[in-house]
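Reproduced below: query.cif, with mmCIF, C-alpha atoms and all ligand atoms.
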```cif
data_target
loop_
_atom_site.label_atom_id
_atom_site.label_comp_id
_atom_site.auth_asym_id
_atom_site.auth_seq_id
_atom_site.Cartn_x
_atom_site.Cartn_y
_atom_site.Cartn_z
CA MET A 1 26.72 -0.20 -16.93
CA ASP A 2 25.69 -2.48 -14.10
CA ASP A 3 22.12 -2.88 -12.84
CA GLU A 4 22.65 -0.74 -9.81
CA LEU A 5 24.06 2.19 -11.76
CA GLU A 6 21.23 1.90 -14.27
CA ARG A 7 18.71 1.98 -11.44
CA LEU A 8 20.33 5.04 -9.86
CA ILE A 9 20.56 6.95 -13.14
CA ASN A 10 16.92 6.19 -13.96
CA THR A 11 15.94 7.43 -10.52
CA LEU A 12 17.99 10.59 -11.03
CA LEU A 13 16.37 11.25 -14.40
CA ASP A 14 12.86 10.16 -13.48
CA GLY A 15 10.63 13.18 -14.00
CA GLU A 16 13.10 15.49 -12.32
CA ILE A 17 14.90 16.90 -15.33
CA ARG A 18 13.00 19.43 -17.43
CA CYS A 19 13.94 21.32 -20.57
CA TYR A 20 15.65 24.57 -19.64
CA ASP A 21 13.59 26.44 -22.21
CA CYS A 22 10.08 24.92 -22.34
CA HIS A 23 10.08 22.96 -19.04
CA THR A 24 8.92 19.75 -20.67
CA PRO A 25 10.17 16.73 -18.66
CA LEU A 26 13.04 15.04 -20.49
CA ASP A 27 12.36 11.33 -20.72
CA ILE A 28 15.89 9.97 -20.84
CA GLN A 29 16.46 6.29 -19.98
CA ALA A 30 19.75 5.01 -18.62
CA ASN A 31 19.87 2.22 -21.20
CA GLU A 32 19.90 4.84 -23.98
CA LEU A 33 23.23 6.17 -22.75
CA GLU A 34 26.48 5.08 -24.38
CA ARG A 35 29.60 4.44 -22.46
CA GLN A 36 32.35 6.92 -23.37
CA SER A 37 34.95 6.07 -20.77
CA GLU A 38 35.11 4.10 -17.53
CA HIS A 39 32.69 6.36 -15.64
CA VAL A 40 31.16 8.57 -18.32
CA TYR A 41 27.95 7.87 -20.29
CA THR A 42 26.48 10.12 -22.98
CA THR A 43 23.67 10.47 -25.49
CA ARG A 44 22.06 13.05 -27.75
CA TYR A 45 18.55 14.00 -26.86
CA ASN A 46 15.97 16.19 -28.64
CA CYS A 47 13.54 18.01 -26.36
CA PRO A 48 10.09 16.45 -26.92
CA GLY A 49 8.32 19.75 -26.08
CA ASP A 50 5.82 21.16 -28.63
CA GLY A 51 7.59 23.62 -30.87
CA CYS A 52 10.81 23.34 -28.92
CA SER A 53 13.85 22.62 -31.07
CA ILE A 54 16.54 22.31 -28.47
CA GLU A 55 18.91 19.39 -28.84
CA TYR A 56 20.95 18.34 -25.87
CA ASP A 57 24.26 16.61 -25.36
CA VAL A 58 23.56 14.55 -22.27
CA GLN A 59 26.31 13.26 -20.03
CA VAL A 60 26.21 11.33 -16.78
CA GLU A 61 29.41 10.76 -14.84
CA ASP A 62 29.67 8.27 -12.00
CA GLU A 63 31.82 10.03 -9.42
CA GLY A 64 31.73 7.33 -6.79
CA LEU A 65 29.59 8.88 -4.06
CA THR A 66 27.72 11.14 -6.47
CA LEU A 67 26.24 11.18 -9.96
CA HIS A 68 26.98 14.20 -12.08
CA PHE A 69 24.39 14.97 -14.77
CA GLU A 70 24.79 17.54 -17.53
CA ALA A 71 22.66 18.47 -20.52
CA ASN A 72 24.18 21.05 -22.81
CA GLU A 73 22.52 22.70 -25.77
CA ARG A 74 23.97 21.47 -29.05
CA GLY A 75 24.72 23.53 -32.13
CA ALA A 76 27.42 25.47 -33.85
CA ASN A 77 25.89 28.81 -32.90
CA ARG A 78 25.13 28.51 -29.25
CA PRO A 79 23.18 31.50 -27.90
CA ASP A 80 24.66 33.77 -25.21
CA LYS A 81 22.58 32.00 -22.64
CA PRO A 82 22.54 28.38 -23.78
CA ALA A 83 20.00 25.94 -22.30
CA ASP A 84 22.65 24.15 -20.27
CA MET A 85 21.75 22.25 -17.14
CA THR A 86 23.76 20.51 -14.51
CA GLN A 87 22.81 18.50 -11.47
CA VAL A 88 24.88 16.64 -8.92
CA SER A 89 23.16 14.08 -6.69
CA ARG A 90 24.48 12.00 -3.85
CA LYS A 91 23.79 8.31 -4.30
CA GLU A 92 22.21 7.57 -0.90
CA PRO A 93 18.90 9.37 -1.53
CA LEU A 94 18.74 7.78 -4.98
CA GLN A 95 19.30 4.37 -3.39
CA LYS A 96 16.50 5.08 -0.96
CA LYS A 97 14.14 6.00 -3.77
CA SER A 98 15.02 3.12 -6.07
CA HIS A 99 16.05 0.11 -4.03
CA PRO A 100 13.85 -2.96 -4.74
CA VAL A 101 13.10 -3.61 -1.06
CA ARG A 102 11.94 -0.04 -0.65
CA LYS A 103 8.62 -0.99 -2.24
CA LEU A 104 8.35 -3.81 0.25
CA THR A 105 9.22 -1.73 3.30
CA ASP A 106 6.73 0.93 2.16
CA ALA A 107 4.11 -1.79 1.67
CA SER A 108 4.84 -3.19 5.13
CA LYS A 109 4.27 0.23 6.65
CA GLU A 110 0.97 0.57 4.82
CA LEU A 111 -0.04 -2.89 5.92
CA THR A 112 0.66 -2.25 9.60
CA ASN A 113 -1.12 1.14 9.41
CA ALA A 114 -4.19 -0.45 7.83
CA PHE A 115 -4.11 -3.15 10.49
CA ALA A 116 -3.91 -0.53 13.28
CA ILE A 117 -7.16 1.03 12.02
CA LEU A 118 -8.78 -2.40 11.90
CA GLN A 119 -7.61 -2.99 15.46
CA HIS A 120 -9.11 0.29 16.65
CA ASN A 121 -12.51 -0.46 15.11
CA HIS A 122 -12.42 -4.02 16.38
CA ARG A 123 -11.85 -2.70 19.88
CA ARG A 124 -14.88 -0.39 19.64
CA LEU A 125 -17.17 -3.22 18.64
CA GLN A 126 -15.85 -5.34 21.48
CA GLU A 127 -16.67 -2.52 23.89
CA ALA A 128 -20.22 -2.32 22.57
CA HIS A 129 -20.51 -6.06 23.01
CA GLU A 130 -19.26 -5.83 26.58
CA THR A 131 -21.85 -3.14 27.29
CA ILE A 132 -24.79 -5.29 26.22
CA GLU A 133 -23.33 -8.32 27.98
CA LYS A 134 -23.23 -6.34 31.23
CA GLU A 135 -26.28 -4.14 30.89
CA GLY A 136 -28.51 -6.07 28.51
CA PHE A 137 -29.80 -4.97 25.15
CA ASP A 138 -32.22 -2.36 26.39
CA GLN A 139 -30.08 0.59 25.28
CA ASP A 140 -30.93 4.06 24.00
CA THR A 141 -31.02 5.20 20.37
CA ASP A 142 -27.54 6.71 20.56
CA PHE A 143 -26.13 3.35 21.47
CA HIS A 144 -27.87 1.69 18.52
CA LEU A 145 -26.58 4.38 16.16
CA ARG A 146 -23.09 4.03 17.51
CA VAL A 147 -23.04 0.27 17.06
CA ARG A 148 -24.32 0.74 13.54
CA ALA A 149 -21.45 3.19 12.87
CA ASP A 150 -18.93 0.85 14.51
CA ILE A 151 -19.93 -2.03 12.26
CA HIS A 152 -19.76 0.26 9.28
CA ASN A 153 -16.30 1.48 10.32
CA TYR A 154 -14.96 -1.99 10.94
CA THR A 155 -16.16 -3.32 7.61
CA ALA A 156 -14.92 -0.21 5.78
CA SER A 157 -11.46 -0.57 7.32
CA ALA A 158 -11.55 -4.29 6.44
CA TYR A 159 -12.19 -3.28 2.85
CA SER A 160 -9.17 -0.90 2.79
CA PHE A 161 -7.05 -3.51 4.49
CA GLU A 162 -7.88 -6.10 1.84
CA GLU A 163 -7.13 -3.59 -0.95
CA ILE A 164 -3.70 -2.78 0.49
CA VAL A 165 -2.89 -6.47 0.87
CA GLY A 166 -3.87 -7.18 -2.74
CA LYS A 167 -2.41 -4.15 -4.49
CA ASN A 168 0.61 -3.13 -2.46
CA VAL A 169 1.83 -6.11 -0.48
CA GLU A 170 1.10 -9.31 -2.40
CA PRO A 171 3.01 -8.31 -5.55
CA HIS A 172 6.21 -8.03 -3.49
CA ILE A 173 6.19 -11.23 -1.49
CA PRO A 174 6.01 -14.94 -2.29
CA SER A 175 2.40 -16.11 -2.47
CA ASP A 176 2.88 -19.79 -1.62
CA GLY A 177 3.53 -21.72 1.58
CA PRO A 178 2.41 -20.20 4.88
CA ILE A 179 1.10 -17.05 3.18
CA GLU A 180 -1.17 -19.05 0.91
CA ASN A 181 -2.76 -20.75 3.92
CA ALA A 182 -3.16 -17.55 5.92
CA LYS A 183 -4.60 -15.81 2.85
CA ASN A 184 -7.16 -18.56 2.20
CA GLU A 185 -8.37 -18.38 5.79
CA PHE A 186 -8.57 -14.62 5.59
CA ASP A 187 -10.45 -14.68 2.26
CA GLU A 188 -13.07 -16.99 3.72
CA GLU A 189 -13.72 -14.69 6.65
CA HIS A 190 -13.52 -11.61 4.47
CA GLU A 191 -16.34 -12.78 2.22
CA VAL A 192 -18.84 -12.49 5.10
CA VAL A 193 -17.44 -9.15 6.26
CA LYS A 194 -17.75 -7.83 2.68
CA ALA A 195 -21.46 -8.66 2.74
CA LEU A 196 -21.80 -6.93 6.09
CA ARG A 197 -20.06 -3.89 4.61
CA THR A 198 -22.50 -3.40 1.76
CA TYR A 199 -25.35 -4.07 4.16
CA ALA A 200 -23.99 -1.59 6.73
CA GLN A 201 -23.38 1.05 4.04
CA HIS A 202 -26.95 0.67 2.92
CA HIS A 203 -28.43 0.72 6.40
CA LEU A 204 -26.33 3.49 7.89
CA ALA A 205 -28.70 5.97 6.29
CA LEU A 206 -31.88 4.13 7.28
CA PRO A 207 -33.85 4.69 10.45
CA SER A 208 -34.76 1.02 10.60
CA SER A 209 -33.43 -1.21 13.32
CA PHE A 210 -30.16 -2.47 11.96
CA VAL A 211 -28.89 -4.08 15.09
CA HIS A 212 -30.74 -7.11 16.25
CA PHE A 213 -29.94 -8.32 19.69
CA PHE A 214 -30.36 -11.96 20.01
CA ASP A 215 -30.53 -14.38 22.87
CA GLY A 216 -28.57 -17.43 21.82
CA ASP A 217 -29.19 -20.96 23.00
CA GLU A 218 -27.07 -20.45 26.06
CA GLY A 219 -28.58 -17.08 26.87
CA GLU A 220 -25.73 -15.29 25.16
CA ILE A 221 -26.48 -11.76 24.08
CA THR A 222 -24.85 -10.59 20.92
CA ILE A 223 -25.25 -8.33 17.89
CA THR A 224 -26.72 -10.07 14.89
CA VAL A 225 -28.09 -9.53 11.41
CA PRO A 226 -30.77 -11.89 10.05
CA MET A 227 -29.55 -13.92 7.09
CA ASP A 228 -32.73 -13.09 5.15
CA ASP A 229 -31.84 -9.39 5.36
CA LEU A 230 -28.37 -10.09 3.99
CA ASP A 231 -29.61 -11.90 0.90
CA ASP A 232 -29.49 -8.78 -1.23
CA PHE A 233 -25.97 -7.93 -0.14
CA ARG A 234 -24.07 -11.09 -0.89
CA PRO A 235 -20.77 -10.48 -2.62
CA GLY A 236 -19.09 -12.69 -5.20
CA ASP A 237 -20.61 -16.09 -5.48
CA PRO A 238 -23.82 -15.98 -3.44
CA GLU A 239 -23.83 -19.71 -2.88
CA ALA A 240 -20.28 -19.91 -1.65
CA SER A 241 -20.30 -16.76 0.44
CA PHE A 242 -22.18 -17.83 3.51
CA ASP A 243 -21.38 -21.52 3.56
CA LEU A 244 -19.73 -21.05 6.92
CA ILE A 245 -22.81 -19.60 8.55
CA GLU A 246 -25.10 -21.83 10.52
CA GLY A 247 -28.59 -20.77 11.52
CA ASP A 248 -30.67 -17.85 10.34
CA HIS A 249 -28.68 -15.05 11.97
CA ILE A 250 -25.15 -13.82 11.46
CA ASP A 251 -23.44 -13.16 14.75
CA VAL A 252 -21.70 -9.91 13.85
CA VAL A 253 -19.40 -9.86 16.86
CA ASP A 254 -18.24 -13.40 16.22
CA ARG A 255 -17.69 -12.82 12.49
CA VAL A 256 -15.76 -9.62 13.16
CA ASN A 257 -13.63 -11.39 15.78
CA ARG A 258 -12.88 -14.21 13.36
CA HIS A 259 -12.08 -11.78 10.57
CA TYR A 260 -9.84 -9.77 12.85
CA GLU A 261 -7.93 -12.86 13.98
CA ALA A 262 -7.46 -14.01 10.37
CA ALA A 263 -6.19 -10.53 9.41
CA GLU A 264 -3.82 -10.51 12.37
CA LYS A 265 -2.42 -13.90 11.39
CA LEU A 266 -2.08 -12.81 7.76
CA VAL A 267 -0.14 -9.68 8.70
CA ALA A 268 2.19 -11.60 11.04
CA THR A 269 2.80 -14.25 8.36
CA MET A 270 3.43 -11.71 5.61
CA LEU A 271 5.89 -9.70 7.68
CA LYS A 272 7.72 -12.83 8.78
CA VAL A 273 8.02 -14.26 5.27
CA ALA A 274 9.06 -10.89 3.86
CA GLU A 275 11.75 -10.49 6.46
CA GLU A 276 13.11 -14.00 5.86
CA LYS A 277 13.08 -13.68 2.09
CA TYR A 278 14.61 -10.23 1.96
CA GLU A 279 16.84 -10.40 5.01
CA GLU A 280 20.00 -9.82 3.01
CA GLN A 281 18.59 -7.13 0.76
CA ILE A 282 17.06 -5.30 3.72
CA GLU A 283 20.48 -5.21 5.35
CA GLU A 284 22.04 -4.12 2.05
CA TYR A 285 19.32 -1.48 1.67
CA ARG A 286 20.05 -0.10 5.13
CA GLU A 287 23.75 0.05 4.26
CA ALA A 288 23.18 1.63 0.86
CA THR A 289 20.87 4.32 2.18
CA ARG A 290 23.02 5.25 5.14
CA PHE A 291 25.09 8.38 4.80
CA PRO A 292 28.78 7.79 5.55
CA GLU A 293 29.86 9.01 8.97
CA MET A 294 31.27 12.51 8.94
CA THR A 295 34.92 12.30 9.87
CA LYS A 296 36.32 14.85 12.26
CA GLU A 297 39.36 16.69 11.04
ZN ZN B 301 12.26 22.20 -24.69
#
```
Show the structure stored in the file as structure tokens.
Amino acid sequence: MDDELERLINTLLDGEIRCYDCHTPLDIQANELERQSEHVYTTRYNCPGDGCSIEYDVQVEDEGLTLHFEANERGANRPDKPADMTQVSRKEPLQKKSHPVRKLTDASKELTNAFAILQHNHRRLQEAHETIEKEGFDQDTDFHLRVRADIHNYTASAYSFEEIVGKNVEPHIPSDGPIENAKNEFDEEHEVVKALRTYAQHHLALPSSFVHFFDGDEGEITITVPMDDLDDFRPGDPEASFDLIEGDHIDVVDRVNRHYEAAEKLVATMLKVAEEKYEEQIEEYREATRFPEMTKE
């Protein structure tokens, strides 16, 4: 059988078919089936259920638009109610479930969702920054608590974002060229944000002053964390982590902005590369998963 048929049959059989008698899932693989005629594939299969002795004659027939599956109880003396099963599935939903670019389109959705959360939290921190720029840093306790929570939320969403990139997106796209560059830039920025995350997690529960407002050289007011305070929260290689930082304070707003921009660039690059690489398959996927038009009689 060809690759596509094998993929569809495996999707049809994947965890869906259970023994009629003991309900144990039947683990039948398409490559175990033997071709009987042009469109018919069969095998014998013993139910793997504990204490279940049912043997099945399994048959899958490719009927063009549908796959027809049957499993019939074997034996010379079949009971009155044999453990026979039959299932007919249209191919489109199986295509949707099994097509190789499906993983990628799912991953792209996850990536853009994760980025939307990052964007939201980035916006909140920017608003806090605008407030102190306009009104100065003499703010009430609520404001301090909120900024603390905003930093925590940004760094937490940055953590989820990085996980989704690594686990769900990277395995499905090429890792060289423009993506490699965008990823390196992102990783550099992410290292600092990771340290801020562990620091923010730790300090969210503390009554101490987490947010330090700092008058920069040009009278700029921003939200900072002293480098000395961060020493205990350095991720990965402590020497390499903060190489980018100059001075004895980390400008949180600046680091978050830089991280956000690197993430934005990474997402744009990944989606662009994915679309270019899989252009044909994406089109083919759309075709394969589209139900044929109903014809009027
Ligand atoms: Zn069974």
Distance in Å - CA of Ile54 in chain A versus CA of Glu38 in chain A: 28.2 Å
Could you give me, as CSV, every chain A residue with an atom at most 12 Å from ligand ZN 301 (chain B), plus its closest atom pair and distance in Å to one decimal, counting only C-alpha atoms and all ligand atoms, rows ordered by chain then number?
```
residue,atom,partner,partner_atom,distance
A:Ile17,CA,B:ZN301,ZN,11.1
A:Arg18,CA,B:ZN301,ZN,7.8
A:Cys19,CA,B:ZN301,ZN,4.5
A:Tyr20,CA,B:ZN301,ZN,6.5
A:Asp21,CA,B:ZN301,ZN,5.1
A:Cys22,CA,B:ZN301,ZN,4.2
A:His23,CA,B:ZN301,ZN,6.1
A:Thr24,CA,B:ZN301,ZN,5.8
A:Pro25,CA,B:ZN301,ZN,8.4
A:Leu26,CA,B:ZN301,ZN,8.3
A:Asp27,CA,B:ZN301,ZN,11.6
A:Tyr45,CA,B:ZN301,ZN,10.6
A:Asn46,CA,B:ZN301,ZN,8.1
A:Cys47,CA,B:ZN301,ZN,4.7
A:Pro48,CA,B:ZN301,ZN,6.5
A:Gly49,CA,B:ZN301,ZN,4.8
A:Asp50,CA,B:ZN301,ZN,7.6
A:Gly51,CA,B:ZN301,ZN,7.9
A:Cys52,CA,B:ZN301,ZN,4.6
A:Ser53,CA,B:ZN301,ZN,6.6
A:Ile54,CA,B:ZN301,ZN,5.7
A:Glu55,CA,B:ZN301,ZN,8.3
A:Tyr56,CA,B:ZN301,ZN,9.6
A:Ala71,CA,B:ZN301,ZN,11.8
A:Glu73,CA,B:ZN301,ZN,10.3
A:Ala83,CA,B:ZN301,ZN,8.9
A:Asp84,CA,B:ZN301,ZN,11.5
```
Shortest contact to Met85 in chain A, candidates A:His202, A:His68, A:His120, A:His99, atoms counted all atoms listed in the file, goes to A:His68
Using all atoms listed in the file, determine which residues lie at most 9 Å from Ile132 in chain A, disregarding the query and same-chain residues fewer than 4 positions distant; provide the list as a PyMOL selection string. chain A and resi 127-128+136-139+213+221-223
Provide the CA of Ile173 in chain A to CA of Thr269 in chain A distance in Å, to one decimal place.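 We find that CA of Ile173 in chain A and CA of Thr269 in chain A lie 10.8 Å from each other.
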Quick one: pull the distance between CA of Pro174 in chain A and CA of Glu283 in chain A, Å, one decimal.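 Taking CA of Pro174 in chain A as the start and CA of Glu283 in chain A as the end point, the length is 19.0 Å.
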Expected residue set, 7 Å radius at (-15.4, -10.2, 8.5), all atoms listed in the file, as a list in words: Thr155, Glu189, His190, Glu191, Val192, Val193, Lys194, Arg255, Val256, Arg258 and His259 of chain A
Counting all atoms listed in the file, which residues come within 10 Å of (30.9, 8.4, -9.0), with the point read in the file's coordinates, and could you list them as a VMD selection string? chain A and resid 5 39 to 40 60 to 68 89 to 91
Check the smallest atom-to-atom distance from each of A:Val273, A:Ile117, A:Ala182, A:Val169 to Asn153 in chain A using all atoms listed in the file, then report the winner.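 Of A:Val273, A:Ile117, A:Ala182, A:Val169, the one nearest Asn153 in chain A, counting all atoms listed in the file, is A:Ile117.
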Using all atoms listed in the file, pick whichever of A:Val165, A:Ala149, A:Val225, A:Ala262 has the shortest atom-to-atom distance to Gln201 in chain A.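 Nearest to Gln201 in chain A: A:Ala149.
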Counting all atoms listed in the file, figure out which residue out of A:Glu34, A:Ala76, A:Ala268, A:Lys81 gets nearest to Val58 in chain A.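 Residue with the minimum atom-to-atom distance to Val58 in chain A: A:Glu34.
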Using only C-alpha atoms, which of the listed residues (A:Ile245, A:Val267, A:Leu33, A:Ala116) sits closest to Glu188 in chain A?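 Of the candidates, the smallest distance to Glu188 in chain A is held by A:Ile245.
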With a distance cut-off of 12 Å and only C-alpha atoms, select the neighbouring residues of Arg290 in chain A, excluding the residue or stretch itself and same-chain residues fewer than 3 positions from it, and output the selection as a PyMOL selection string. chain A and resi 65+90-96+283-287+293-294
Of the candidates A:Glu280, A:Glu246, A:Asp251, A:Glu4, which one gets nearest to Ser98 in chain A if we count all atoms listed in the file?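 Of A:Glu280, A:Glu246, A:Asp251, A:Glu4, the one nearest Ser98 in chain A is A:Glu4, counting all atoms listed in the file.
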